[in-house]
Amino acid sequence: MALAEALAARGWRAEFAGNQAAGEVVAALGAGRFAFRELEDGASPAALGQAGTHGRIVVVIDHYGLDAAYETPLRSWAAAVVVLDDLADRPHDCDLLVDQTADRAAADYGTLVPPACRVMAGPANALLRTDFVRLRPQALARDPSRPVRRILVTPGGVDGLGVTPVILDGIDASGLQFAVEVVLGRRATTLNEVRRRQCVLHVDTPKMAELMARADLAVGAGGVGAYERCCLGLPSLAVRVADNQNGMISMLAAAGALVDLGAAGSLTAEAVAVALRGVVADSRARAAMAASAAAICDGRGAERVAEAMAMLI
């Protein structure tokens, strides 16, 4: 969605194609601005080409299950192929590959992409929506020494490992008083349980940037959400909800941009409470965390990728 917005700002027509679940996300976050074509699982490259789009087409693939075997046939009708990846574990046939993982280097794809493929790696290429760039000056102007009164909990849209109740239990166990806001997707496994808790729940919100900009502290997953928090200089505690977040969270923690709470499977309410008390009690640490985070990601990655895509055609 962030990349589609950046392309649309340049005059491109961006459309989406994917399964039903992807369509629901596009509808929720795109507010009807982008067309969506639903594809059957396992749809062939030829089926994708029948999406009805005219003109020179650049195909962007974002799918852990696809590789060069799917991408090569796209070249019969696409002007260029772009791949979004963060695993570096399979070959790709593309003209541009984007991996926004914090510890990734272009050399990691040395034998996995064609020699002429450009690899854009690292947090400078993080695909954040335009709202984060717009609100960055306002967010960075916040006084980092102000008391922590509002906490934002962002465990990822699905919360498949059920970390939200553990985090909320930890907030309660800290003995501190906060206004707590939680962001989940409509398919979240913990949605009904969170609705019974003392918090403000946002489901499939298009206003994540606004929620982060007004928060004093966040507890959330890694992935793009961690970069969003960095862009807005929001101090945070991070939970590893997927293996591919390990390197990223380790690097951000080493840089002082967040506090690493460890793997979701071993997370306890007491660990959350202890970490919260420590961060809340130390305004200097929060200020340093905010500054370190803001230096890592400026939020303009989607603009850089859109510019690179323009050079392909």
# chains A, B, ... in the order shown; residues from 1 in each chain; ligands from 1
call {"tool": "residues_around", "arguments": {"residues": "A:Val163", "least_positions_apart": "4", "cutoff": "10 Å", "atoms": "only C-alpha atoms", "output": "list in words"}}
result
Thr154, Pro155, Gly156, Asp159, Ile167, Leu168, Asp169, Thr189, Thr190, Gly220, Ala221, Val239, Val241, Ala264, Gly265, Ser266, Leu267, Thr268 and Ala269 of chain A
call {"tool": "select_by_dssp", "arguments": {"residues": "stretch 75-285 of chain A", "states": "helix (DSSP H, G or I)", "output": "ChimeraX atom specification"}}
result
/A:106-109,123-125,130-140,163-173,191-195,208-214,224-231,243-254,264-266,269-281,283-285
call {"tool": "closest_residue", "arguments": {"among": "A:Arg229, A:Arg37, A:Arg304, A:Arg214", "to": "A:Gly23", "atoms": "only C-alpha atoms"}}
result
A:Arg37
call {"tool": "closest_residue", "arguments": {"among": "A:Cys297, A:Leu258, A:Ala281, A:Leu87", "to": "A:Ala242", "atoms": "only C-alpha atoms"}}
result
A:Leu87
call {"tool": "closest_residue", "arguments": {"among": "A:Leu232, A:Met289, A:Ala9, A:Val280", "to": "A:Phe178", "atoms": "only C-alpha atoms"}}
result
A:Val280
call {"tool": "select_by_dssp", "arguments": {"residues": "stretch 80-117 of chain A", "states": "strand (DSSP E)", "output": "ChimeraX atom specification"}}
result
/A:80-84,96-99
call {"tool": "closest_atom_pairs", "arguments": {"of": "stretch 127-239 of chain A", "to": "stretch 96-107 of chain A", "cutoff": "12 Å", "atoms": "only C-alpha atoms", "output": "Markdown table"}}
result
| residue | atom | partner | partner_atom | distance |
| --- | --- | --- | --- | --- |
| A:Leu127 | CA | A:Gln100 | CA | 7.6 |
| A:Leu128 | CA | A:Gln100 | CA | 10.5 |
| A:Gly222 | CA | A:Thr101 | CA | 10.0 |
| A:Gly223 | CA | A:Thr101 | CA | 7.8 |
| A:Val224 | CA | A:Gln100 | CA | 8.4 |
| A:Gly225 | CA | A:Thr101 | CA | 11.9 |
| A:Ala226 | CA | A:Ala102 | CA | 10.3 |
| A:Tyr227 | CA | A:Ala102 | CA | 9.2 |
| A:Cys230 | CA | A:Ala102 | CA | 11.7 |
call {"tool": "write_last_selection", "arguments": {"atoms": "all heavy atoms", "output": "compact mmCIF listing (two decimals), in the first residue's frame"}}
result
# COMPACT_ATOMS: atom_id res chain seq x y z
N LEU A 127 9.32 0.51 3.39
CA LEU A 127 8.13 0.99 2.68
C LEU A 127 7.08 1.46 3.68
O LEU A 127 6.26 0.67 4.16
CB LEU A 127 7.57 -0.12 1.79
CG LEU A 127 8.54 -0.65 0.74
CD1 LEU A 127 7.91 -1.81 -0.04
CD2 LEU A 127 8.97 0.45 -0.22
N LEU A 128 7.13 2.74 4.00
CA LEU A 128 6.18 3.32 4.94
C LEU A 128 5.21 4.23 4.18
O LEU A 128 5.57 4.86 3.19
CB LEU A 128 6.90 4.15 6.01
CG LEU A 128 7.99 3.46 6.81
CD1 LEU A 128 8.40 4.35 7.98
CD2 LEU A 128 7.56 2.09 7.30
N GLY A 222 8.14 -6.77 15.43
CA GLY A 222 9.17 -6.23 14.54
C GLY A 222 8.55 -5.94 13.19
O GLY A 222 7.41 -5.52 13.09
N GLY A 223 9.31 -6.17 12.13
CA GLY A 223 8.78 -5.93 10.79
C GLY A 223 8.63 -4.45 10.50
O GLY A 223 9.26 -3.58 11.12
N VAL A 224 7.74 -4.13 9.57
CA VAL A 224 7.55 -2.75 9.14
C VAL A 224 7.09 -1.87 10.31
O VAL A 224 7.44 -0.70 10.39
CB VAL A 224 6.54 -2.67 7.98
CG1 VAL A 224 6.24 -1.23 7.61
CG2 VAL A 224 7.08 -3.41 6.76
N GLY A 225 6.31 -2.46 11.22
CA GLY A 225 5.84 -1.69 12.37
C GLY A 225 6.97 -1.09 13.18
O GLY A 225 6.87 0.03 13.70
N ALA A 226 8.09 -1.82 13.30
CA ALA A 226 9.24 -1.30 14.03
C ALA A 226 9.83 -0.09 13.31
O ALA A 226 10.26 0.88 13.94
CB ALA A 226 10.29 -2.39 14.20
N TYR A 227 9.86 -0.13 11.98
CA TYR A 227 10.36 1.01 11.22
C TYR A 227 9.41 2.21 11.33
O TYR A 227 9.85 3.36 11.34
CB TYR A 227 10.52 0.64 9.75
CG TYR A 227 11.74 -0.20 9.46
CD1 TYR A 227 11.70 -1.19 8.49
CD2 TYR A 227 12.94 0.02 10.13
CE1 TYR A 227 12.82 -1.95 8.20
CE2 TYR A 227 14.06 -0.74 9.85
CZ TYR A 227 13.99 -1.73 8.88
OH TYR A 227 15.10 -2.48 8.59
N CYS A 230 10.29 3.80 14.45
CA CYS A 230 11.56 4.51 14.30
C CYS A 230 11.37 5.85 13.59
O CYS A 230 11.90 6.88 14.02
CB CYS A 230 12.55 3.65 13.51
SG CYS A 230 13.29 2.29 14.43
call {"tool": "closest_atom_pairs", "arguments": {"of": "stretch 152-255 of chain A", "to": "stretch 24-34 of chain A", "cutoff": "9 Å", "atoms": "only C-alpha atoms", "output": "tab-separated table"}}
result
residue	atom	partner	partner_atom	distance
A:Gly185	CA	A:Val25	CA	8.7
A:Asp204	CA	A:Ala28	CA	6.3
A:Thr205	CA	A:Leu29	CA	7.3
A:Pro206	CA	A:Leu29	CA	5.4
call {"tool": "write_last_selection", "arguments": {"atoms": "all heavy atoms", "output": "mmCIF file, in the first residue's frame"}}
result
data_model
loop_
_atom_site.group_PDB
_atom_site.id
_atom_site.type_symbol
_atom_site.label_atom_id
_atom_site.label_comp_id
_atom_site.auth_asym_id
_atom_site.auth_seq_id
_atom_site.Cartn_x
_atom_site.Cartn_y
_atom_site.Cartn_z
ATOM 1 N N GLY A 185 -5.973 -6.456 13.449
ATOM 2 C CA GLY A 185 -6.734 -6.652 12.232
ATOM 3 C C GLY A 185 -8.008 -7.423 12.521
ATOM 4 O O GLY A 185 -8.151 -8.048 13.578
ATOM 5 N N ASP A 204 -8.200 -2.704 12.004
ATOM 6 C CA ASP A 204 -7.882 -2.331 10.621
ATOM 7 C C ASP A 204 -7.851 -0.812 10.443
ATOM 8 O O ASP A 204 -8.399 -0.265 9.489
ATOM 9 C CB ASP A 204 -8.906 -2.940 9.643
ATOM 10 C CG ASP A 204 -8.693 -4.431 9.445
ATOM 11 O OD1 ASP A 204 -7.559 -4.899 9.660
ATOM 12 O OD2 ASP A 204 -9.651 -5.124 9.079
ATOM 13 N N THR A 205 -7.187 -0.153 11.345
ATOM 14 C CA THR A 205 -7.174 1.310 11.285
ATOM 15 C C THR A 205 -6.300 1.830 10.146
ATOM 16 O O THR A 205 -5.205 1.303 9.912
ATOM 17 C CB THR A 205 -6.679 1.915 12.606
ATOM 18 O OG1 THR A 205 -6.668 3.342 12.489
ATOM 19 C CG2 THR A 205 -5.274 1.440 12.956
ATOM 20 N N PRO A 206 -6.752 2.846 9.444
ATOM 21 C CA PRO A 206 -5.902 3.507 8.451
ATOM 22 C C PRO A 206 -5.104 4.650 9.068
ATOM 23 O O PRO A 206 -4.416 5.388 8.361
ATOM 24 C CB PRO A 206 -6.923 4.047 7.446
ATOM 25 C CG PRO A 206 -8.109 4.378 8.286
ATOM 26 C CD PRO A 206 -8.146 3.332 9.390
#
call {"tool": "residues_around", "arguments": {"residues": "A:Ala215", "least_positions_apart": "4", "cutoff": "9 Å", "atoms": "only C-alpha atoms", "output": "list in words"}}
result
Val148, Arg149, Arg150, Ile151, Leu152, Glu181, Glu210, Leu211 and Leu234 of chain A
call {"tool": "closest_residue", "arguments": {"among": "A:Glu5, A:Asp95, A:Glu40, A:Glu193", "to": "A:Glu71", "atoms": "only C-alpha atoms"}}
result
A:Asp95
call {"tool": "residues_around", "arguments": {"residues": "A:Ala209", "least_positions_apart": "4", "cutoff": "7 Å", "atoms": "only C-alpha atoms", "output": "ChimeraX atom specification"}}
result
/A:131-132,213
call {"tool": "residues_around", "arguments": {"residues": "A:Ala288", "least_positions_apart": "4", "cutoff": "12 Å", "atoms": "only C-alpha atoms", "output": "list of chain:residue names"}}
result
A:Asp143, A:Pro144, A:Ser145, A:Gly233, A:Leu234, A:Pro235, A:Ser236, A:Ala255, A:Gly256, A:Ala257, A:Leu258, A:Val259, A:Val279, A:Asp282, A:Ser283, A:Arg284, A:Ser292, A:Ala293, A:Ala294, A:Ala295
call {"tool": "atom_distance", "arguments": {"atom1": "atom CA of A:Asp67", "atom2": "atom CA of A:His92"}}
result
5.1 Å
call {"tool": "atom_distance", "arguments": {"atom1": "atom CA of A:Arg56", "atom2": "atom CA of A:Ala116"}}
result
20.1 Å
call {"tool": "residues_around", "arguments": {"residues": "A:Val81", "least_positions_apart": "3", "cutoff": "8 Å", "atoms": "only C-alpha atoms", "output": "list of chain:residue names"}}
result
A:Val58, A:Val59, A:Val60, A:Ile61, A:Glu71, A:Leu74, A:Arg75, A:Ala78, A:Asp93, A:Cys94, A:Asp95, A:Leu96
call {"tool": "write_last_selection", "arguments": {"atoms": "all heavy atoms", "output": "PDB file, in the first residue's frame"}}
result
ATOM      1  N   VAL A  58       4.711  -2.923 -14.745  1.00  0.00           N
ATOM      2  CA  VAL A  58       5.739  -3.406 -13.826  1.00  0.00           C
ATOM      3  C   VAL A  58       5.030  -4.234 -12.767  1.00  0.00           C
ATOM      4  O   VAL A  58       4.114  -3.750 -12.091  1.00  0.00           O
ATOM      5  CB  VAL A  58       6.506  -2.239 -13.170  1.00  0.00           C
ATOM      6  CG1 VAL A  58       7.518  -2.778 -12.162  1.00  0.00           C
ATOM      7  CG2 VAL A  58       7.215  -1.403 -14.229  1.00  0.00           C
ATOM      8  N   VAL A  59       5.423  -5.486 -12.629  1.00  0.00           N
ATOM      9  CA  VAL A  59       4.798  -6.391 -11.664  1.00  0.00           C
ATOM     10  C   VAL A  59       5.628  -6.411 -10.379  1.00  0.00           C
ATOM     11  O   VAL A  59       6.849  -6.603 -10.428  1.00  0.00           O
ATOM     12  CB  VAL A  59       4.682  -7.819 -12.234  1.00  0.00           C
ATOM     13  CG1 VAL A  59       4.013  -8.737 -11.212  1.00  0.00           C
ATOM     14  CG2 VAL A  59       3.890  -7.812 -13.527  1.00  0.00           C
ATOM     15  N   VAL A  60       4.966  -6.208  -9.256  1.00  0.00           N
ATOM     16  CA  VAL A  60       5.625  -6.261  -7.952  1.00  0.00           C
ATOM     17  C   VAL A  60       5.151  -7.520  -7.234  1.00  0.00           C
ATOM     18  O   VAL A  60       3.947  -7.676  -6.984  1.00  0.00           O
ATOM     19  CB  VAL A  60       5.300  -5.012  -7.102  1.00  0.00           C
ATOM     20  CG1 VAL A  60       6.014  -5.091  -5.758  1.00  0.00           C
ATOM     21  CG2 VAL A  60       5.699  -3.745  -7.851  1.00  0.00           C
ATOM     22  N   ILE A  61       6.072  -8.406  -6.904  1.00  0.00           N
ATOM     23  CA  ILE A  61       5.743  -9.678  -6.257  1.00  0.00           C
ATOM     24  C   ILE A  61       6.098  -9.595  -4.775  1.00  0.00           C
ATOM     25  O   ILE A  61       7.233  -9.283  -4.408  1.00  0.00           O
ATOM     26  CB  ILE A  61       6.514 -10.850  -6.889  1.00  0.00           C
ATOM     27  CG1 ILE A  61       6.239 -10.924  -8.398  1.00  0.00           C
ATOM     28  CG2 ILE A  61       6.151 -12.165  -6.204  1.00  0.00           C
ATOM     29  CD1 ILE A  61       4.822 -11.283  -8.750  1.00  0.00           C
ATOM     30  N   GLU A  71       8.392 -16.017 -11.605  1.00  0.00           N
ATOM     31  CA  GLU A  71       8.726 -14.685 -12.115  1.00  0.00           C
ATOM     32  C   GLU A  71       9.178 -14.687 -13.581  1.00  0.00           C
ATOM     33  O   GLU A  71       8.847 -13.765 -14.333  1.00  0.00           O
ATOM     34  CB  GLU A  71       9.817 -14.083 -11.215  1.00  0.00           C
ATOM     35  CG  GLU A  71       9.323 -13.833  -9.797  1.00  0.00           C
ATOM     36  CD  GLU A  71      10.409 -13.983  -8.744  1.00  0.00           C
ATOM     37  OE1 GLU A  71      11.595 -14.148  -9.108  1.00  0.00           O
ATOM     38  OE2 GLU A  71      10.069 -13.949  -7.554  1.00  0.00           O
ATOM     39  N   LEU A  74       6.606 -14.128 -16.262  1.00  0.00           N
ATOM     40  CA  LEU A  74       6.038 -12.775 -16.281  1.00  0.00           C
ATOM     41  C   LEU A  74       6.694 -11.915 -17.351  1.00  0.00           C
ATOM     42  O   LEU A  74       6.092 -10.965 -17.862  1.00  0.00           O
ATOM     43  CB  LEU A  74       6.217 -12.106 -14.916  1.00  0.00           C
ATOM     44  CG  LEU A  74       5.523 -12.744 -13.712  1.00  0.00           C
ATOM     45  CD1 LEU A  74       5.933 -12.016 -12.434  1.00  0.00           C
ATOM     46  CD2 LEU A  74       4.022 -12.731 -13.869  1.00  0.00           C
ATOM     47  N   ARG A  75       7.908 -12.241 -17.702  1.00  0.00           N
ATOM     48  CA  ARG A  75       8.662 -11.403 -18.635  1.00  0.00           C
ATOM     49  C   ARG A  75       8.087 -11.428 -20.043  1.00  0.00           C
ATOM     50  O   ARG A  75       8.443 -10.581 -20.870  1.00  0.00           O
ATOM     51  CB  ARG A  75      10.123 -11.838 -18.637  1.00  0.00           C
ATOM     52  CG  ARG A  75      10.808 -11.583 -17.282  1.00  0.00           C
ATOM     53  CD  ARG A  75      12.301 -11.759 -17.385  1.00  0.00           C
ATOM     54  NE  ARG A  75      12.982 -11.424 -16.138  1.00  0.00           N
ATOM     55  CZ  ARG A  75      13.262 -10.186 -15.740  1.00  0.00           C
ATOM     56  NH1 ARG A  75      12.887  -9.157 -16.490  1.00  0.00           N
ATOM     57  NH2 ARG A  75      13.895  -9.972 -14.608  1.00  0.00           N
ATOM     58  N   ALA A  78       5.359  -8.468 -19.067  1.00  0.00           N
ATOM     59  CA  ALA A  78       5.646  -7.352 -18.158  1.00  0.00           C
ATOM     60  C   ALA A  78       6.903  -6.605 -18.602  1.00  0.00           C
ATOM     61  O   ALA A  78       7.878  -7.214 -19.061  1.00  0.00           O
ATOM     62  CB  ALA A  78       5.827  -7.861 -16.735  1.00  0.00           C
ATOM     63  N   ASP A  93      14.011 -14.037 -10.427  1.00  0.00           N
ATOM     64  CA  ASP A  93      14.285 -13.482 -11.743  1.00  0.00           C
ATOM     65  C   ASP A  93      13.599 -12.127 -11.815  1.00  0.00           C
ATOM     66  O   ASP A  93      12.426 -12.018 -12.160  1.00  0.00           O
ATOM     67  CB  ASP A  93      13.757 -14.416 -12.838  1.00  0.00           C
ATOM     68  CG  ASP A  93      14.112 -13.916 -14.233  1.00  0.00           C
ATOM     69  OD1 ASP A  93      14.841 -12.916 -14.336  1.00  0.00           O
ATOM     70  OD2 ASP A  93      13.652 -14.532 -15.223  1.00  0.00           O
ATOM     71  N   CYS A  94      14.324 -11.087 -11.426  1.00  0.00           N
ATOM     72  CA  CYS A  94      13.720  -9.758 -11.331  1.00  0.00           C
ATOM     73  C   CYS A  94      14.725  -8.688 -11.713  1.00  0.00           C
ATOM     74  O   CYS A  94      15.929  -8.935 -11.805  1.00  0.00           O
ATOM     75  CB  CYS A  94      13.188  -9.516  -9.916  1.00  0.00           C
ATOM     76  SG  CYS A  94      14.426  -9.735  -8.611  1.00  0.00           S
ATOM     77  N   ASP A  95      14.210  -7.491 -11.927  1.00  0.00           N
ATOM     78  CA  ASP A  95      15.044  -6.345 -12.287  1.00  0.00           C
ATOM     79  C   ASP A  95      15.401  -5.497 -11.065  1.00  0.00           C
ATOM     80  O   ASP A  95      16.385  -4.756 -11.083  1.00  0.00           O
ATOM     81  CB  ASP A  95      14.300  -5.479 -13.303  1.00  0.00           C
ATOM     82  CG  ASP A  95      13.901  -6.280 -14.529  1.00  0.00           C
ATOM     83  OD1 ASP A  95      14.777  -6.592 -15.345  1.00  0.00           O
ATOM     84  OD2 ASP A  95      12.699  -6.610 -14.651  1.00  0.00           O
ATOM     85  N   LEU A  96      14.578  -5.588 -10.046  1.00  0.00           N
ATOM     86  CA  LEU A  96      14.786  -4.830  -8.811  1.00  0.00           C
ATOM     87  C   LEU A  96      14.296  -5.679  -7.654  1.00  0.00           C
ATOM     88  O   LEU A  96      13.210  -6.257  -7.716  1.00  0.00           O
ATOM     89  CB  LEU A  96      14.006  -3.510  -8.865  1.00  0.00           C
ATOM     90  CG  LEU A  96      13.992  -2.654  -7.595  1.00  0.00           C
ATOM     91  CD1 LEU A  96      15.381  -2.122  -7.286  1.00  0.00           C
ATOM     92  CD2 LEU A  96      12.998  -1.494  -7.736  1.00  0.00           C
TER      93      LEU A  96
END
